[in-house]
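S.K.: A single structure is presented below for examination.
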Amino acid sequence: MKSVALHNLGCKVNAYELEYMQQTLQEKGYKIVPFDEAADIYIVNTCTVTNIADRKSRQMLHRAKKRNPEAVVVAVGCYVQTGKETLETDGTVDLAIGNNRKKDLVEILENYLEQRQAQPVFDCIDINQTSAYEEVTLKRTVEHTRAYIKIQDGCNQFCSYCIIPYARGRVRSRREEDILREVQGMAQAGYREIVLTGIHISSYGVDRGGCELVPLLETLSRIEGIERIRLGSLEPRIVTEEFARQIHALPKVCPHFHLSLQSGCDAVLRRMNRHYDTAAYFEAVELLRKYYKNPAITTDVIVGFPGETEEEFAQTESFLHRVGFYEMHIFKYSRRQGTRAAEMEGQLTEGEKARRSERLMTLEREMSRTYRQTFLGETVEVLLEEAVEREGKTYWIGHTPHYIRVAVEAGEGRQMQNHMVRCTAAAFLEEDILLAAKMKGLTDQ
């Protein structure tokens with residue numbers, strides 16, 4: 001029995017696909033071992049979103065070969081699509097498998113093992129020329145209460161800083177019946193919450209003539225056993241009056257919306273080739289707040305984009321204050337070779353980007369705590385996920401539909417994982433965890 005060690009880099013889509021690869025390897029009789037142990041085969045699911053991601057991908061491949069020079073080292077995914085020339089001369093990789101070929105990993109690997117060659121073997125299609133969605137289905141995930149469900153791949157947006165359309169190709173939507181089958185399987189396995197994920201889920205269905213996200217949500221809402229549906233990152237332009245009204249009519253859809261912003265300055269948004277302005281973004285937020293009471297709005301922000309002046313940064317900071325986010329993911333602009341932004345004038349120093357990033361992270365912490373405080377004294381529903389020890393006590397930690405972390409003191413000997421409870425949020429256990437003073441009982445007894 002050959003042993004295999006796997007390592008994932010990058011996004012939730014990559015994590016989903018790595019779980020599928022591990023699942024198929026186990027079904028074929030391979031022994032899965034930790035990546036820091038000796039193995040016969042090492043598989044690195046790579047990322048290429050930034051130059052740093054490329055470097056981390058190479059580092060993990062080198063680490064694998066150093067751990068066992070006789071092992072077969074396999075590079076998979078996005079960096080294979082964009083970094084083929086580097087990988088061919090790297091001397092570390094034995095086998096490279098691109099995107100839309102992950103479902104065939106075991107077959108490709110076994111063919112390689114039979115005909116092991118001195119030169120690296122590349123199995124990589126022209127991802128920009130395919131319209132086929134790579135169908136893979138998970139039976140279980142490493143998560144115990146929440147299952148990520150991939151619904152599409154690829155992106156047509158071509159933001160000036162982003163390499164992903166070249167690594168993932170154009171938008172390709174998964175068939176509704178395949179999504180339905182996977183979610184039904186997850187429900188039967190005991191999962192109560194699903195998260196729809198993809199490279200650009202707002203484009204789900206556009207390759208078939210129009211956005212099909214709402215009809216998909218309506219179908220998934222009818223699946224017995226699934227009590228929560230959470231959406232991954234959304235394009236702000238998808239939020240129209242009709243969209244907000246339709247999803248509000250689906251109680252299982254969580255009032256937690258990640259609307260990607262990137263900058264609060266219209267001039268910077270134009271340079272980024274984002275297809276909206278701050279007025280349109282704010283209108284989308286206000287529509288969600290019209291239909292939902294206190295929805296959780298989260299976002300991504302890039303600081304230090306080429307040419308970003310102090311005035312433009314100040315406009316972004318002011319806009320973030322105006323919106324009032326629950327959480328913000330702050331990224332320092334990272335130059336990515338092969339993108340238009342990498343060639344733009346006005347590249348900022350790392351020191352300046354770090355200064356601006358710290359300033360926005362301070363703001364993020366303030367806004368996040370302020371938002372969580374609005375739930376103190378409120379009755380909230382929590383899906384319990386894991387037990388933790390704090391100062392000699394055991395607590396069960398879970399999330400509300402708004403994705404607020406709540407701690408419930410554990411009853412003696414009670415197994416509470418994957419239970420829903422209703423409780424009153426009364427204080428802070430930690431900076432980012434609300435403490436429940438009163439538990440009103442299990443909602444699923």
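Ligands are numbered from 1 in the order shown, residues from 1 within each chain, and chains are lettered A, B, ... in the order they appear in the structure tokens.
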Need to verify the contact set: segment 294-305 of chain A, 7 Å, only C-alpha atoms, exclusion of same-chain residues closer than 5 positions in sequence. Can you return it as a compact mmCIF listing (two decimals) with N, CA, C and O atoms, in the first residue's frame?

M.R.:
# COMPACT_ATOMS: atom_id res chain seq x y z
N PRO A 255 -28.40 35.56 6.79
CA PRO A 255 -28.25 37.01 6.59
C PRO A 255 -26.80 37.45 6.76
O PRO A 255 -26.47 38.33 7.56
N HIS A 256 -25.94 36.82 6.02
CA HIS A 256 -24.49 37.05 6.09
C HIS A 256 -24.00 37.13 4.65
O HIS A 256 -24.00 36.14 3.92
N PHE A 257 -23.57 38.32 4.24
CA PHE A 257 -23.26 38.57 2.83
C PHE A 257 -21.86 39.14 2.69
O PHE A 257 -21.56 40.20 3.24
N HIS A 258 -21.04 38.43 1.94
CA HIS A 258 -19.69 38.91 1.66
C HIS A 258 -19.71 39.57 0.28
O HIS A 258 -19.75 38.90 -0.75
N LEU A 259 -19.71 40.91 0.29
CA LEU A 259 -19.72 41.68 -0.95
C LEU A 259 -18.32 42.22 -1.18
O LEU A 259 -17.84 43.08 -0.44
N SER A 260 -17.67 41.72 -2.20
CA SER A 260 -16.30 42.13 -2.47
C SER A 260 -16.25 43.60 -2.88
O SER A 260 -16.96 44.02 -3.79
N LEU A 261 -15.42 44.39 -2.21
CA LEU A 261 -15.31 45.83 -2.49
C LEU A 261 -13.98 46.17 -3.17
O LEU A 261 -13.94 46.75 -4.24
N GLN A 262 -12.88 45.85 -2.53
CA GLN A 262 -11.48 46.08 -2.97
C GLN A 262 -11.01 47.52 -2.78
O GLN A 262 -9.87 47.74 -2.38
N SER A 263 -11.83 48.51 -3.04
CA SER A 263 -11.45 49.91 -2.78
C SER A 263 -12.70 50.74 -2.60
O SER A 263 -13.72 50.49 -3.24
N ARG A 289 -29.97 45.74 3.74
CA ARG A 289 -30.44 46.23 5.04
C ARG A 289 -31.93 46.58 5.03
O ARG A 289 -32.56 46.63 6.08
N PHE A 325 -18.92 47.77 8.24
CA PHE A 325 -18.85 46.33 8.00
C PHE A 325 -18.78 45.54 9.31
O PHE A 325 -18.31 46.05 10.33
N TYR A 326 -19.19 44.28 9.22
CA TYR A 326 -18.98 43.35 10.34
C TYR A 326 -17.53 42.89 10.35
O TYR A 326 -16.86 42.92 11.38
N GLU A 327 -17.04 42.47 9.20
CA GLU A 327 -15.64 42.04 9.09
C GLU A 327 -15.08 42.52 7.75
O GLU A 327 -15.81 42.59 6.75
N MET A 328 -13.79 42.82 7.74
CA MET A 328 -13.09 43.16 6.50
C MET A 328 -11.80 42.35 6.45
O MET A 328 -11.09 42.24 7.44
N HIS A 329 -11.52 41.79 5.28
CA HIS A 329 -10.24 41.13 5.05
C HIS A 329 -9.35 42.13 4.32
O HIS A 329 -9.66 42.52 3.19
N ILE A 330 -8.30 42.57 4.98
CA ILE A 330 -7.43 43.61 4.44
C ILE A 330 -6.20 42.96 3.80
O ILE A 330 -5.50 42.19 4.45
N PHE A 331 -5.95 43.27 2.53
CA PHE A 331 -4.81 42.72 1.81
C PHE A 331 -3.92 43.85 1.32
O PHE A 331 -4.42 44.84 0.77
N LYS A 332 -2.63 43.70 1.50
CA LYS A 332 -1.69 44.62 0.85
C LYS A 332 -1.54 44.20 -0.61
O LYS A 332 -1.37 43.02 -0.89
N TYR A 333 -1.63 45.18 -1.50
CA TYR A 333 -1.49 44.85 -2.92
C TYR A 333 -0.18 44.11 -3.15
O TYR A 333 0.90 44.53 -2.70
N LEU A 348 3.65 51.34 -4.92
CA LEU A 348 3.95 51.84 -3.58
C LEU A 348 4.98 50.96 -2.88
O LEU A 348 5.12 49.77 -3.20
N LYS A 353 2.46 50.40 2.15
CA LYS A 353 1.33 49.46 2.13
C LYS A 353 1.07 48.90 3.53
O LYS A 353 -0.08 48.74 3.94
N ARG A 356 -0.74 51.56 5.72
CA ARG A 356 -2.16 51.68 5.40
C ARG A 356 -2.94 50.43 5.83
O ARG A 356 -4.09 50.53 6.29
N SER A 357 -2.33 49.29 5.66
CA SER A 357 -2.98 48.04 6.07
C SER A 357 -3.25 48.03 7.56
O SER A 357 -4.36 47.69 8.00
N HIS A 402 -25.74 34.91 11.38
CA HIS A 402 -24.96 36.09 10.99
C HIS A 402 -23.46 35.83 11.05
O HIS A 402 -22.67 36.73 10.82

S.K.: Please, which residues in segment 291-341 of chain A fall within 12 Å of segment 54-66 of chain A when counting only C-alpha atoms, and what is the closest atom pair and distance in Å to one decimal for each, ordered by chain then residue number, as JSON lines?

M.R.:
{"residue": "A:Ser334", "atom": "CA", "partner": "A:Asp54", "partner_atom": "CA", "distance": 11.7}
{"residue": "A:Arg335", "atom": "CA", "partner": "A:Asp54", "partner_atom": "CA", "distance": 11.8}
{"residue": "A:Arg336", "atom": "CA", "partner": "A:Asp54", "partner_atom": "CA", "distance": 9.6}
{"residue": "A:Gln337", "atom": "CA", "partner": "A:Asp54", "partner_atom": "CA", "distance": 10.5}

S.K.: Just the residues within 6 Å of segment 144-152 of chain A, please, counting only C-alpha atoms, with nothing from its chain fewer than 6 positions along; format it as a PDB file with N, CA and C atoms, in the first residue's frame.

M.R.:
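around_21.pdb, written as the output of this step:
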ATOM      1  N   ARG A 172     -17.755  28.450 -15.825  1.00  0.00           N
ATOM      2  CA  ARG A 172     -18.357  27.156 -16.141  1.00  0.00           C
ATOM      3  C   ARG A 172     -19.213  26.758 -14.941  1.00  0.00           C
ATOM      4  N   SER A 173     -20.496  26.552 -15.185  1.00  0.00           N
ATOM      5  CA  SER A 173     -21.444  26.297 -14.093  1.00  0.00           C
ATOM      6  C   SER A 173     -21.743  24.813 -13.961  1.00  0.00           C
ATOM      7  N   ARG A 174     -21.837  24.384 -12.732  1.00  0.00           N
ATOM      8  CA  ARG A 174     -22.159  22.985 -12.438  1.00  0.00           C
ATOM      9  C   ARG A 174     -23.649  22.738 -12.663  1.00  0.00           C
ATOM     10  N   TYR A 191     -24.993  16.742   7.871  1.00  0.00           N
ATOM     11  CA  TYR A 191     -24.630  18.167   7.794  1.00  0.00           C
ATOM     12  C   TYR A 191     -25.895  19.020   7.781  1.00  0.00           C
ATOM     13  N   GLU A 193     -25.616  22.644   7.640  1.00  0.00           N
ATOM     14  CA  GLU A 193     -25.340  23.921   6.986  1.00  0.00           C
ATOM     15  C   GLU A 193     -24.465  23.683   5.771  1.00  0.00           C
ATOM     16  N   ILE A 194     -24.787  24.361   4.670  1.00  0.00           N
ATOM     17  CA  ILE A 194     -23.941  24.307   3.485  1.00  0.00           C
ATOM     18  C   ILE A 194     -23.503  25.722   3.120  1.00  0.00           C
ATOM     19  N   VAL A 195     -22.334  25.809   2.507  1.00  0.00           N
ATOM     20  CA  VAL A 195     -21.799  27.083   2.017  1.00  0.00           C
ATOM     21  C   VAL A 195     -21.545  26.926   0.529  1.00  0.00           C
ATOM     22  N   LEU A 196     -22.201  27.734  -0.281  1.00  0.00           N
ATOM     23  CA  LEU A 196     -21.996  27.676  -1.726  1.00  0.00           C
ATOM     24  C   LEU A 196     -20.733  28.447  -2.081  1.00  0.00           C
ATOM     25  N   THR A 197     -19.834  27.768  -2.774  1.00  0.00           N
ATOM     26  CA  THR A 197     -18.555  28.381  -3.087  1.00  0.00           C
ATOM     27  C   THR A 197     -18.220  28.176  -4.559  1.00  0.00           C
ATOM     28  N   GLY A 198     -17.268  28.957  -5.039  1.00  0.00           N
ATOM     29  CA  GLY A 198     -16.825  28.896  -6.420  1.00  0.00           C
ATOM     30  C   GLY A 198     -15.843  30.021  -6.648  1.00  0.00           C
ATOM     31  N   ASN A 418     -22.946  19.737  16.517  1.00  0.00           N
ATOM     32  CA  ASN A 418     -23.944  19.680  15.456  1.00  0.00           C
ATOM     33  C   ASN A 418     -25.372  19.863  15.967  1.00  0.00           C
TER      34      ASN A 418
END

S.K.: Would you pick out the contacts of Cys254 of chain A at 8 Å or less, using only C-alpha atoms, so that residues sharing its chain but fewer than 3 positions from it are not included, and give the list as number ranges by chain?

M.R.: A: 228-231, 251, 401-402

S.K.: Can you check which residues of segment 38-253 of chain A DSSP gives as alpha helix (DSSP H) on the backbone and send them as JSON, numbers by chain?

M.R.: {"A": [51, 52, 53, 54, 55, 56, 57, 58, 59, 60, 61, 62, 63, 64, 65, 66, 67, 78, 79, 80, 81, 82, 84, 85, 86, 87, 88, 89, 90, 105, 106, 107, 108, 109, 110, 111, 112, 113, 114, 164, 165, 166, 167, 168, 176, 177, 178, 179, 180, 181, 182, 183, 184, 185, 186, 187, 188, 213, 214, 215, 216, 217, 218, 219, 220, 241, 242, 243, 244, 245, 246, 247, 248]}

S.K.: What's around Val406 of chain A at 7 Å? Count only C-alpha atoms, leave out sequence neighbours fewer than 4 positions away in its own chain, and write the answer as JSON, numbers by chain.

M.R.: {"A": [397, 398, 399, 433, 434, 435, 436]}

S.K.: How would the residues just chosen look if you wrote them out with N, CA, C and O atoms as a short mmCIF file (atom, residue, chain, number, x, y, z; two decimals), in the first residue's frame?

M.R.:
data_model
loop_
_atom_site.label_atom_id
_atom_site.label_comp_id
_atom_site.auth_asym_id
_atom_site.auth_seq_id
_atom_site.Cartn_x
_atom_site.Cartn_y
_atom_site.Cartn_z
N ILE A 397 -18.43 26.03 21.12
CA ILE A 397 -18.38 27.21 20.26
C ILE A 397 -19.13 26.92 18.97
O ILE A 397 -18.99 25.85 18.37
N GLY A 398 -19.92 27.88 18.54
CA GLY A 398 -20.63 27.75 17.27
C GLY A 398 -20.90 29.11 16.68
O GLY A 398 -20.46 30.14 17.19
N HIS A 399 -21.64 29.12 15.58
CA HIS A 399 -21.94 30.36 14.88
C HIS A 399 -23.45 30.57 14.74
O HIS A 399 -24.20 29.61 14.56
N ILE A 433 -15.63 36.46 20.58
CA ILE A 433 -16.59 35.41 20.95
C ILE A 433 -17.59 35.96 21.97
O ILE A 433 -17.19 36.43 23.05
N LEU A 434 -18.87 35.89 21.63
CA LEU A 434 -19.91 36.28 22.59
C LEU A 434 -20.20 35.09 23.51
O LEU A 434 -20.22 33.94 23.08
N LEU A 435 -20.44 35.38 24.77
CA LEU A 435 -20.73 34.35 25.77
C LEU A 435 -22.23 34.31 26.04
O LEU A 435 -22.85 35.34 26.31
N ALA A 436 -22.81 33.11 25.95
CA ALA A 436 -24.24 32.95 26.22
C ALA A 436 -24.46 32.80 27.72
O ALA A 436 -23.87 31.94 28.36
#

S.K.: So which residues touch segment 221-226 of chain A within 6 Å, counting only C-alpha atoms, skipping near sequence neighbours fewer than 2 positions away, as a PDB file with C-alpha atoms, in the first residue's frame?

M.R.:
ATOM      1  CA  ALA A 187     -27.856  16.139   4.505  1.00  0.00           C
ATOM      2  CA  ARG A 192     -27.020  20.973   8.661  1.00  0.00           C
ATOM      3  CA  GLU A 193     -25.340  23.921   6.986  1.00  0.00           C
ATOM      4  CA  LEU A 217     -31.192  28.596  -3.804  1.00  0.00           C
ATOM      5  CA  GLU A 218     -34.911  27.921  -4.099  1.00  0.00           C
ATOM      6  CA  THR A 219     -34.220  24.282  -5.011  1.00  0.00           C
ATOM      7  CA  ARG A 228     -28.811  26.884   6.742  1.00  0.00           C
TER       8      ARG A 228
END

S.K.: DSSP on the backbone: what in segment 92-208 of chain A comes out strand (DSSP E), as a PyMOL selection string?

M.R.: chain A and resi 95-97+121-123+146-153+172-173+193-198

S.K.: With only C-alpha atoms as the counted atoms, please give the residues lying no more than 9 Å from Tyr42 of chain A, apart from itself and same-chain residues fewer than 2 positions off, as a list of chain:residue names.

M.R.: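 Within the cut-off, the hits are A:Ser3, A:Val4, A:Ala5, A:Leu6, A:His7, A:Phe35, A:Ala39, A:Asp40, A:Val44, A:Leu61, A:Ala64, A:Lys65, A:Ala71, A:Val72, A:Val73, A:Val74, A:Ala75.
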
S.K.: What is the atom CA of Arg168 of chain A-atom CA of Ile127 of chain A distance in Å, reported with one decimal?

M.R.: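 Straight-line distance from atom CA of Arg168 of chain A to atom CA of Ile127 of chain A works out to 6.4 Å.
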
S.K.: Here is a test: counting only C-alpha atoms, which residue of A:Gly83, A:Gly351, A:Gly154, A:Pro34 is nearest to Gly205 of chain A?

M.R.: A:Gly154

S.K.: Nearest residue to Ile247 of chain A out of A:Phe158, A:Tyr291, A:Tyr281, A:Tyr403, using only C-alpha atoms?

M.R.: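 Ranked by minimum distance to Ile247 of chain A, first place goes to A:Tyr291.
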
S.K.: Considering only C-alpha atoms, can you say which of A:Glu27, A:Glu358, A:Glu343, A:Glu37 comes closest to Val106 of chain A?

M.R.: A:Glu27

S.K.: Please measure the separation of atom CA of Gln184 of chain A and atom CA of Glu227 of chain A, giving the value in Å to one decimal.

M.R.: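 Interatomic distance here is 12.2 Å.
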
S.K.: Which one of A:Tyr133, A:Phe122, A:Tyr16, A:Phe313 sits closest to Arg359 of chain A if you count only C-alpha atoms?

M.R.: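 Closest candidate: A:Phe313.
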